[in-house]
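Have a look at the structure below before the remarks.
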Amino acid sequence: MRNVKLTIEYDGTNYNGWQVQNSKFKIQNLKLKTIQEEIEKAIEKITAKKSKLYGSGRTDSGVHARAQVANFHTNTSLSLNKLKRGLNAVLPKDISIIKTEEADKDFHSRFNVKSKIYRYTILNRNSQSPFLKRYSLHLPYKLNLLLMKKEARVLLGKHNFKSFAATGKIEKSAVRAIKRITVNKNEDSLITIDIEADGFLYNMVRNIVGTLIEIGRGKLSPGSMKQILNAKDRTKAGPTAKACGLCLIRVKY
């Protein structure tokens, strides 16, 4: 039995996230599609057998990925190159397998993760871009970038991130370790917020970004991030930033 590791790129706009939905949820909305489901269907077409696909983690509805990682077990004799070409031939055009590898039999794309890097992109100018609309949040007002950078650094290290967890979502623990967080703006008025952590709570990145935006536009005062973090109270933080600006950039093993 082979253990095949996939690196996947996708535009999440037209999908209800990564994970296959349970049958009850699907009955309520028959139009729901997920990335995992589409790839599993493609694997079955190419190998003639059903396979369970294990992702490095879930991405929410509308969230994108440049390098999601997943693995599945198969008895197919197809070469890695033919497998990749075959999958890409039958997958929707907004999902692409960019790499196929033979993995160790014990490799698990989720349980072996050391850290993940997410990037949130903001188009910070007066006019929207038709080219970036699906992949960024458009903010026409001025943001205090220096203050956003300073406040973001408060989140570095191991903390209880309950203030940035989704309301009503039950987690075993809200403790996570952020290894790196950067806020940068380029000459094309694109602000990128990169966060690397050993794991993320549901909506954690989008809630952090929403809070940084409120700080940047002066809705929250300097020093607010530390107070919000220590409060362990979701109501103290900013709103959840839209899904379109979020992208999974890399998974480290």
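As shown in the structure tokens, the chain order sets the letters A, B, ...; within each chain, residues go from 1, and ligands are also counted from 1 in the order they appear.
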
Please provide the set of residues having any atom within 9 Å of segment 191-202 of chain A, restricted to only C-alpha atoms, with same-chain residues fewer than 5 positions apart removed, written as a compact mmCIF listing (two decimals) with C-alpha atoms, in the first residue's frame.
```txt
# COMPACT_ATOMS: atom_id res chain seq x y z
CA ARG A 58 -9.38 22.64 7.43
CA THR A 59 -9.67 25.86 5.51
CA ASP A 60 -12.96 27.73 5.86
CA VAL A 113 2.57 19.22 11.08
CA LYS A 114 5.12 21.40 12.89
CA SER A 115 3.71 24.77 11.80
CA LYS A 116 1.57 26.49 9.19
CA ILE A 117 1.85 29.87 7.54
CA TYR A 118 -1.23 31.86 6.59
CA ARG A 119 -1.24 35.14 4.67
CA TYR A 120 -4.00 37.72 4.75
CA THR A 121 -3.99 40.26 1.90
CA ILE A 122 -5.54 43.73 2.05
CA LEU A 123 -5.83 46.05 -0.95
CA ASN A 124 -5.42 49.44 0.71
CA LEU A 145 0.85 50.47 9.52
CA GLY A 157 4.92 33.36 21.65
CA PHE A 161 -5.94 32.89 22.12
CA LYS A 162 -9.52 32.52 23.34
CA PHE A 164 -9.58 35.29 18.83
CA ALA A 165 -11.52 32.01 18.72
CA ALA A 166 -14.84 31.73 16.90
CA LYS A 169 -16.81 26.95 18.78
CA GLU A 171 -11.90 23.74 21.39
CA SER A 173 -7.49 24.15 24.32
CA ALA A 174 -7.12 27.74 23.10
CA VAL A 175 -3.36 27.74 23.70
CA ARG A 176 -1.25 28.16 20.56
CA ALA A 177 2.26 29.40 19.80
CA ILE A 178 2.76 32.09 17.17
CA LYS A 179 6.31 31.84 15.84
CA ARG A 180 6.23 34.74 13.42
CA ILE A 181 3.87 37.58 12.52
CA THR A 182 4.66 40.31 9.99
CA VAL A 183 2.74 43.25 8.56
CA ASN A 184 4.05 44.73 5.30
CA LYS A 185 2.87 47.03 2.53
CA ASN A 186 4.27 47.14 -1.01
CA VAL A 209 -6.62 40.54 11.21
CA ILE A 249 0.83 29.63 2.14
```

Contact residues around Val154 of chain A with only C-alpha atoms at 9 Å, ignoring same-chain residues under 5 positions, as a PDB file with N, CA and C atoms, in the first residue's frame:
```pdb
ATOM      1  N   MET A 225      -4.176  45.463  21.884  1.00  0.00           N
ATOM      2  CA  MET A 225      -3.948  44.051  21.578  1.00  0.00           C
ATOM      3  C   MET A 225      -3.590  43.258  22.828  1.00  0.00           C
ATOM      4  N   LYS A 226      -2.749  43.816  23.677  1.00  0.00           N
ATOM      5  CA  LYS A 226      -2.364  43.119  24.907  1.00  0.00           C
ATOM      6  C   LYS A 226      -3.571  42.944  25.824  1.00  0.00           C
ATOM      7  N   LEU A 229      -5.854  40.225  24.304  1.00  0.00           N
ATOM      8  CA  LEU A 229      -5.256  38.903  24.478  1.00  0.00           C
ATOM      9  C   LEU A 229      -5.447  38.404  25.905  1.00  0.00           C
TER      10      LEU A 229
END
```

Non-local contacts of Glu151 of chain A (9 Å; only C-alpha atoms; under 6 positions in same chain excluded) as a list in words: Leu212, Ile215, Pro222, Gly223, Ser224, Met225 and Lys226 of chain A

Distance of atom CA of Met1 of chain A from atom CA of Ser77 of chain A, expressed in Å to one decimal place: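 Here the two named atoms are 10.0 Å from each other.
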
Each segment 32-51 of chain A residue no farther than 10 Å from segment 87-102 of chain A, nearest pair in Å, only C-alpha atoms, as CSV:
```
residue,atom,partner,partner_atom,distance
A:Ile35,CA,A:Ile95,CA,7.7
A:Glu38,CA,A:Leu91,CA,6.9
A:Ile39,CA,A:Leu91,CA,6.9
A:Glu40,CA,A:Leu87,CA,9.8
A:Lys41,CA,A:Leu91,CA,8.6
A:Ala42,CA,A:Leu87,CA,5.7
A:Ile43,CA,A:Leu87,CA,6.5
A:Glu44,CA,A:Leu87,CA,9.5
A:Lys45,CA,A:Val90,CA,8.0
A:Ile46,CA,A:Leu87,CA,6.7
A:Thr47,CA,A:Leu87,CA,9.6
```

Which neighbours of Asn207 of chain A fall inside 9 Å, counting only C-alpha atoms, when residues of the same chain fewer than 3 positions from it are skipped, and could you give them as a list in words?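 Surrounding residues, per the criterion: Ser163, Phe164, Ala165, Ala166, Asn203, Met204, Gly210, Thr211, Leu212, Arg234, Ala237, Gly238, Pro239, Thr240 and Ala241 of chain A.
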
Would you save the residues from that selection as a PDB file, in the first residue's frame, using C-alpha atoms?
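Once written, part_39.pdb looks like this:
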```pdb
ATOM      1  CA  SER A 163     -10.183  36.171  22.475  1.00  0.00           C
ATOM      2  CA  PHE A 164      -9.583  35.288  18.828  1.00  0.00           C
ATOM      3  CA  ALA A 165     -11.520  32.013  18.716  1.00  0.00           C
ATOM      4  CA  ALA A 166     -14.841  31.729  16.903  1.00  0.00           C
ATOM      5  CA  ASN A 203     -11.245  31.786  12.527  1.00  0.00           C
ATOM      6  CA  MET A 204      -8.185  32.756  14.598  1.00  0.00           C
ATOM      7  CA  GLY A 210      -9.984  42.133  11.997  1.00  0.00           C
ATOM      8  CA  THR A 211      -8.538  43.394  15.280  1.00  0.00           C
ATOM      9  CA  LEU A 212      -5.393  44.760  13.606  1.00  0.00           C
ATOM     10  CA  ARG A 234     -14.025  37.163  21.989  1.00  0.00           C
ATOM     11  CA  ALA A 237     -11.550  41.725  19.844  1.00  0.00           C
ATOM     12  CA  GLY A 238     -12.331  43.154  16.424  1.00  0.00           C
ATOM     13  CA  PRO A 239     -14.669  41.688  13.791  1.00  0.00           C
ATOM     14  CA  THR A 240     -13.862  38.627  11.691  1.00  0.00           C
ATOM     15  CA  ALA A 241     -12.141  39.704   8.468  1.00  0.00           C
TER      16      ALA A 241
END
```

From A:His73, A:Lys172, A:Lys236, A:Arg85, residue lying nearest Ser51 of chain A [only C-alpha atoms]: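 Using only C-alpha atoms, the shortest distance to Ser51 of chain A belongs to A:His73.
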
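Taking atom CA of Lys219 of chain A and atom CA of Lys142 of chain A as the two end points, the separation is 12.2 Å.
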
Taking the DSSP assignment computed from this structure's backbone, write out as a PDB file with C-alpha atoms, in the first residue's frame all residues of segment 38-98 of chain A that belong to alpha helix (DSSP H).
```pdb
ATOM      1  CA  GLU A  38     -13.641  17.066  -5.266  1.00  0.00           C
ATOM      2  CA  ILE A  39     -10.164  15.568  -4.899  1.00  0.00           C
ATOM      3  CA  GLU A  40     -11.494  12.297  -3.488  1.00  0.00           C
ATOM      4  CA  LYS A  41     -13.817  12.002  -6.485  1.00  0.00           C
ATOM      5  CA  ALA A  42     -10.861  12.658  -8.807  1.00  0.00           C
ATOM      6  CA  ILE A  43      -8.737  10.004  -7.064  1.00  0.00           C
ATOM      7  CA  GLU A  44     -11.538   7.452  -7.509  1.00  0.00           C
ATOM      8  CA  LYS A  45     -11.795   8.283 -11.213  1.00  0.00           C
ATOM      9  CA  ILE A  46      -8.067   7.862 -11.780  1.00  0.00           C
ATOM     10  CA  THR A  47      -7.385   4.828  -9.543  1.00  0.00           C
ATOM     11  CA  LEU A  80       3.619   9.951  -9.473  1.00  0.00           C
ATOM     12  CA  ASN A  81       3.783  12.030 -12.647  1.00  0.00           C
ATOM     13  CA  LYS A  82       0.893  10.163 -14.302  1.00  0.00           C
ATOM     14  CA  LEU A  83      -1.103  10.394 -11.094  1.00  0.00           C
ATOM     15  CA  LYS A  84      -0.625  14.152 -10.935  1.00  0.00           C
ATOM     16  CA  ARG A  85      -1.484  14.631 -14.608  1.00  0.00           C
ATOM     17  CA  GLY A  86      -4.517  12.376 -14.316  1.00  0.00           C
ATOM     18  CA  LEU A  87      -5.891  14.156 -11.254  1.00  0.00           C
ATOM     19  CA  ASN A  88      -5.416  17.579 -12.805  1.00  0.00           C
ATOM     20  CA  ALA A  89      -7.181  16.408 -15.966  1.00  0.00           C
ATOM     21  CA  VAL A  90     -10.396  15.613 -14.070  1.00  0.00           C
TER      22      VAL A  90
END
```

With a distance cut-off of 6 Å and only C-alpha atoms, select the neighbouring residues of Asn144 of chain A, excluding the residue or stretch itself and same-chain residues fewer than 2 positions from it, and output the selection as a PyMOL selection string. chain A and resi 146-147+216

Nearest to Ser136 of chain A by atom-to-atom distance, counting only C-alpha atoms, from A:Gln68, A:Thr167, A:Ser189, A:Thr74: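 Among the listed residues, the smallest separation from Ser136 of chain A belongs to A:Ser189.
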
Which residue, A:Pro140, A:Asn160, A:Arg2, A:Ser61, has the smallest gap to Asn75 of chain A when you use only C-alpha atoms? A:Arg2
